[in-house]
Amino acid sequence: MTKQRFPFMAIMGQEELSLALIFNLVNPQIGGVLIRGTKGTGKSTAVYGLPQIAPKIKVHPSCPYNCLPEEPENWCTFCKGQQTNTLLEQEIEVVNLPMNIAEENLLGRIDVERLLKTGEKAFIPGLIAKAHRQILYIDEVNLIPDHITDSLLDVVASGVNIIEREGFSVQHPAKFLLIGTMNSEEGELRPQILDRFPLSVTINTVTNLESRQEIIRRNFAFDEDPAKFAEGFAEVNGLMMNSILQARQLLPETTISEELVRKLLDFCIHFVIDGHRSELVIVKTARAYAALELKQQVELKHLKMAMKLTLLHRTRDGGLKKPVAFSDIESWFAGIKEDSAPDQTFSMDYDPENLSLLRGGYLSPSKKSEQASQS
């Protein structure tokens, strides 16, 4: 029997956390969230409630890798051996990563028993395979052993899990929403790990009296009759899921102006933000926010929220400076008016012929052929 989870839409006082998680459902390419805060503030409750509003995924029944049906070239041997193309629609799952997990249970291992009995090399998928296209949740991520964290980071960076053991090699797609929770009082994360979390939210204890009273009422009502309480929020959960589906459809058409992109890049350069990952995440998140509001153009408020969620945990100047504060973002954009942005849209189209920024005078194949014919 499935355990009844506290309704996602019944969570109070953590609007930024809810938004950060919802943005990831609108655009899974964002990749995840780090949630920092003291104990008892609803971190785990929000994570485990997220599948209630997440669009369902389609898989082949019994597939151990949750292969994407639309990508047959990446199917596992099980899916390729399917006689029929039967698909199962299922709710996404929160896959919990235990703190004491062994590396072979995380990444996968060789079936030693089968190898000894038959001489056949067989692979037993690990937790990473189960998490593909779902949510990989790490509670107290700052306490996970370094060797497990390093193995996980390799997979997050590539989106592929590669296992090589004594002449045995297996690889499979491993793309998931990486969500970690932590209490900063128990220790901080290494900068390399922080950078792998696209978004971060710091949540605090709710201080509003009326909100705290309502939190008590809702939790007591849930404890008394979980099914009845959840039923009361089923409709609003469904409405949010529909909003996310609409936002996904609109996302490809959602644009951002050249002016806002330049302001964003100027900010990152001025404050010496390390790397380029943050800029990519900000644009993805801002577009997801705009699409969620059914707007085809990113507005200033979308960009500012995306920057707040993306930059407040990132290192600067090679780690020599502390992350920026939201007040820095507010001050930077204080002089920009909504109607001052030009109509020119920032182009997302890549032109393979445009190599003007490359060093060394490299030419595209077509340019090389033109040069050869002229000579």
# chains A, B, ... in the order shown; residues from 1 in each chain; ligands from 1
$ select_by_dssp --residues "range 45-206 of chain A" --states "alpha helix (DSSP H)" --output "PyMOL selection string"
chain A and resi 45-49+77-80+103-107+112-118+127-131+146-158+191-196
$ residues_around --residues "range 86-90 of chain A" --least-positions-apart "4" --cutoff "12 Å" --atoms "only C-alpha atoms" --output "PyMOL selection string"
chain A and resi 51-52+54-63+66-70+79+82+133-134
$ write_last_selection --atoms "C-alpha atoms" --output "compact mmCIF listing (two decimals), in the first residue's frame"
# COMPACT_ATOMS: atom_id res chain seq x y z
CA PRO A 51 5.00 13.82 -7.79
CA GLN A 52 1.41 14.85 -7.03
CA ALA A 54 4.28 16.36 -11.82
CA PRO A 55 3.13 15.22 -15.28
CA LYS A 56 3.20 11.44 -15.55
CA ILE A 57 5.81 9.65 -17.64
CA LYS A 58 5.37 6.82 -20.14
CA VAL A 59 7.57 3.72 -19.87
CA HIS A 60 7.68 0.15 -21.08
CA PRO A 61 6.33 -2.14 -18.34
CA SER A 62 9.12 -3.69 -16.19
CA CYS A 63 11.86 -1.63 -17.87
CA ASN A 66 12.74 3.94 -17.46
CA CYS A 67 13.75 4.27 -21.10
CA LEU A 68 12.17 7.15 -23.00
CA PRO A 69 9.79 5.59 -25.56
CA GLU A 70 10.46 8.38 -28.07
CA CYS A 79 12.98 -2.56 -24.31
CA GLN A 82 9.70 -5.99 -26.51
CA ARG A 133 13.55 10.55 -15.72
CA GLN A 134 12.51 10.79 -12.09
$ closest_atom_pairs --of "range 156-207 of chain A" --to "range 263-282 of chain A" --cutoff "12 Å" --atoms "only C-alpha atoms" --output "JSON lines"
{"residue": "A:Ala157", "atom": "CA", "partner": "A:Arg277", "partner_atom": "CA", "distance": 11.2}
{"residue": "A:Pro191", "atom": "CA", "partner": "A:Asp274", "partner_atom": "CA", "distance": 10.6}
{"residue": "A:Gln192", "atom": "CA", "partner": "A:Asp274", "partner_atom": "CA", "distance": 11.2}
{"residue": "A:Leu194", "atom": "CA", "partner": "A:Ser278", "partner_atom": "CA", "distance": 11.5}
{"residue": "A:Asp195", "atom": "CA", "partner": "A:Arg277", "partner_atom": "CA", "distance": 8.2}
{"residue": "A:Arg196", "atom": "CA", "partner": "A:Arg277", "partner_atom": "CA", "distance": 8.9}
{"residue": "A:Phe197", "atom": "CA", "partner": "A:Ser278", "partner_atom": "CA", "distance": 9.9}
{"residue": "A:Pro198", "atom": "CA", "partner": "A:Val281", "partner_atom": "CA", "distance": 6.3}
{"residue": "A:Leu199", "atom": "CA", "partner": "A:Val281", "partner_atom": "CA", "distance": 8.0}
{"residue": "A:Ser200", "atom": "CA", "partner": "A:Val281", "partner_atom": "CA", "distance": 11.5}
$ write_last_selection --atoms "C-alpha atoms" --output "mmCIF file, in the first residue's frame"
data_model
loop_
_atom_site.group_PDB
_atom_site.id
_atom_site.type_symbol
_atom_site.label_atom_id
_atom_site.label_comp_id
_atom_site.auth_asym_id
_atom_site.auth_seq_id
_atom_site.Cartn_x
_atom_site.Cartn_y
_atom_site.Cartn_z
ATOM 1 C CA ALA A 157 27.687 16.209 -15.624
ATOM 2 C CA PRO A 191 31.994 24.326 -4.003
ATOM 3 C CA GLN A 192 32.192 21.629 -6.709
ATOM 4 C CA LEU A 194 27.231 23.397 -4.874
ATOM 5 C CA ASP A 195 27.851 24.277 -8.503
ATOM 6 C CA ARG A 196 26.111 21.093 -9.659
ATOM 7 C CA PHE A 197 22.849 22.167 -8.078
ATOM 8 C CA PRO A 198 21.267 24.472 -10.675
ATOM 9 C CA LEU A 199 18.980 26.251 -8.199
ATOM 10 C CA SER A 200 19.088 26.754 -4.444
#
$ atom_distance --atom1 "CA of Gly37 in chain A" --atom2 "CA of Leu17 in chain A"
10.8 Å
$ residues_around --residues "Gln213 in chain A" --least-positions-apart "6" --cutoff "12 Å" --atoms "only C-alpha atoms" --output "list in words"
Met12, Gly13, Val206, Thr207, Asn219 and Phe220 of chain A
$ write_last_selection --atoms "C-alpha atoms" --output "CSV table (one decimal), in the first residue's frame"
chain,number,residue,atom,x,y,z
A,12,MET,CA,2.3,27.0,3.5
A,13,GLY,CA,4.9,29.8,3.7
A,206,VAL,CA,7.4,30.9,9.2
A,207,THR,CA,7.1,33.9,11.5
A,219,ASN,CA,-1.0,19.0,9.9
A,220,PHE,CA,-3.4,17.8,12.6
$ closest_residue --among "A:Ala234, A:Phe6, A:His172, A:Ser184" --to "Leu143 in chain A" --atoms "only C-alpha atoms"
A:Ser184
$ residues_around --residues "range 294-301 of chain A" --least-positions-apart "3" --cutoff "9 Å" --atoms "only C-alpha atoms" --output "list of chain:residue names"
A:Ser243, A:Gln246, A:Ala247, A:Leu250, A:Leu251, A:Glu253, A:Thr254, A:Thr255, A:Ile256, A:Ser257, A:Leu260, A:Ala286, A:Arg287, A:Ala288, A:Tyr289, A:Ala290, A:Ala291, A:Lys304, A:Met305, A:Ala306, A:Phe333, A:Ile336, A:Lys337, A:Glu338, A:Thr345
$ write_last_selection --atoms "C-alpha atoms" --output "JSON list (two decimals), in the first residue's frame"
[["chain", "number", "residue", "atom", "x", "y", "z"],
["A", 243, "SER", "CA", -0.65, 24.54, -15.58],
["A", 246, "GLN", "CA", 0.45, 24.09, -20.54],
["A", 247, "ALA", "CA", 3.74, 25.74, -19.62],
["A", 250, "LEU", "CA", 4.44, 27.10, -24.43],
["A", 251, "LEU", "CA", 8.09, 26.88, -23.36],
["A", 253, "GLU", "CA", 7.90, 29.65, -27.97],
["A", 254, "THR", "CA", 8.93, 31.67, -24.89],
["A", 255, "THR", "CA", 11.64, 34.20, -25.69],
["A", 256, "ILE", "CA", 13.91, 36.59, -23.83],
["A", 257, "SER", "CA", 15.03, 39.97, -25.11],
["A", 260, "LEU", "CA", 17.79, 41.39, -20.64],
["A", 286, "ALA", "CA", 13.38, 32.65, -16.44],
["A", 287, "ARG", "CA", 11.76, 31.14, -19.54],
["A", 288, "ALA", "CA", 10.12, 28.42, -17.41],
["A", 289, "TYR", "CA", 8.72, 31.09, -15.07],
["A", 290, "ALA", "CA", 7.35, 33.11, -17.98],
["A", 291, "ALA", "CA", 5.81, 30.01, -19.57],
["A", 304, "LYS", "CA", 15.27, 38.52, -11.19],
["A", 305, "MET", "CA", 13.67, 35.48, -9.58],
["A", 306, "ALA", "CA", 15.77, 33.17, -11.77],
["A", 333, "PHE", "CA", 18.19, 46.20, -12.12],
["A", 336, "ILE", "CA", 15.47, 49.21, -15.73],
["A", 337, "LYS", "CA", 11.84, 49.80, -16.63],
["A", 338, "GLU", "CA", 9.65, 47.11, -18.14],
["A", 345, "THR", "CA", 14.68, 38.93, -29.20]]
$ closest_residue --among "A:Gly187, A:Glu231, A:Ile135, A:Val283" --to "Thr310 in chain A" --atoms "only C-alpha atoms"
A:Val283
$ residues_around --residues "Glu113 in chain A" --least-positions-apart "4" --cutoff "12 Å" --atoms "only C-alpha atoms" --output "PyMOL selection string"
chain A and resi 109+117-124
$ select_by_dssp --residues "range 125-263 of chain A" --states "strand (DSSP E)" --output "short mmCIF file (atom, residue, chain, number, x, y, z; two decimals) with N, CA and C atoms, in the first residue's frame"
data_model
loop_
_atom_site.label_atom_id
_atom_site.label_comp_id
_atom_site.auth_asym_id
_atom_site.auth_seq_id
_atom_site.Cartn_x
_atom_site.Cartn_y
_atom_site.Cartn_z
N PRO A 125 21.26 -3.26 -12.60
CA PRO A 125 21.19 -1.78 -12.53
C PRO A 125 21.18 -1.29 -11.10
N ILE A 135 13.05 11.64 -9.86
CA ILE A 135 13.67 12.54 -8.90
C ILE A 135 14.65 11.75 -8.04
N LEU A 136 15.90 12.16 -8.00
CA LEU A 136 16.87 11.56 -7.10
C LEU A 136 17.01 12.50 -5.91
N TYR A 137 16.60 12.01 -4.76
CA TYR A 137 16.55 12.84 -3.55
C TYR A 137 17.63 12.42 -2.57
N ILE A 138 18.42 13.42 -2.13
CA ILE A 138 19.48 13.18 -1.16
C ILE A 138 19.22 14.04 0.07
N ASP A 139 18.74 13.41 1.12
CA ASP A 139 18.54 14.11 2.38
C ASP A 139 19.88 14.22 3.09
N VAL A 160 24.94 10.44 -18.43
CA VAL A 160 25.12 9.03 -18.79
C VAL A 160 25.87 8.33 -17.67
N ASN A 161 25.42 7.14 -17.33
CA ASN A 161 26.11 6.33 -16.33
C ASN A 161 26.94 5.28 -17.04
N ILE A 162 28.26 5.31 -16.83
CA ILE A 162 29.18 4.38 -17.48
C ILE A 162 29.85 3.53 -16.42
N ILE A 163 29.70 2.21 -16.56
CA ILE A 163 30.29 1.29 -15.60
C ILE A 163 31.26 0.38 -16.33
N GLU A 164 32.49 0.35 -15.87
CA GLU A 164 33.51 -0.52 -16.46
C GLU A 164 34.13 -1.35 -15.34
N ARG A 165 33.96 -2.65 -15.43
CA ARG A 165 34.48 -3.56 -14.42
C ARG A 165 35.13 -4.76 -15.09
N PHE A 168 34.27 -5.51 -18.52
CA PHE A 168 32.82 -5.46 -18.69
C PHE A 168 32.41 -4.00 -18.72
N SER A 169 31.74 -3.58 -19.77
CA SER A 169 31.38 -2.17 -19.93
C SER A 169 29.89 -2.03 -20.24
N VAL A 170 29.23 -1.17 -19.48
CA VAL A 170 27.80 -0.88 -19.68
C VAL A 170 27.58 0.61 -19.53
N GLN A 171 26.70 1.15 -20.33
CA GLN A 171 26.32 2.55 -20.13
C GLN A 171 24.82 2.71 -20.43
N HIS A 172 24.21 3.66 -19.74
CA HIS A 172 22.80 3.92 -19.95
C HIS A 172 22.51 5.37 -19.59
N PRO A 173 21.46 5.97 -20.18
CA PRO A 173 21.10 7.36 -19.85
C PRO A 173 20.75 7.49 -18.37
N LEU A 177 16.03 14.79 -11.91
CA LEU A 177 16.05 16.00 -11.11
C LEU A 177 16.81 15.68 -9.83
N LEU A 178 17.91 16.36 -9.61
CA LEU A 178 18.72 16.14 -8.41
C LEU A 178 18.27 17.13 -7.34
N ILE A 179 17.68 16.61 -6.29
CA ILE A 179 17.20 17.46 -5.20
C ILE A 179 17.89 17.06 -3.91
N GLY A 180 18.55 18.01 -3.28
CA GLY A 180 19.22 17.75 -2.03
C GLY A 180 18.71 18.68 -0.94
N THR A 181 18.64 18.18 0.27
CA THR A 181 18.27 19.01 1.41
C THR A 181 19.39 18.95 2.44
N MET A 182 19.54 20.01 3.19
CA MET A 182 20.60 20.06 4.18
C MET A 182 20.33 21.13 5.21
N LEU A 199 19.68 25.26 -9.00
CA LEU A 199 18.98 26.25 -8.20
C LEU A 199 19.19 25.94 -6.72
N SER A 200 19.03 26.96 -5.89
CA SER A 200 19.09 26.75 -4.44
C SER A 200 18.08 27.66 -3.76
N VAL A 201 17.54 27.16 -2.67
CA VAL A 201 16.59 27.92 -1.87
C VAL A 201 16.95 27.76 -0.40
N THR A 202 16.97 28.85 0.33
CA THR A 202 17.15 28.80 1.77
C THR A 202 15.81 29.11 2.42
N ILE A 203 15.28 28.16 3.16
CA ILE A 203 13.96 28.36 3.76
C ILE A 203 14.10 28.54 5.27
#
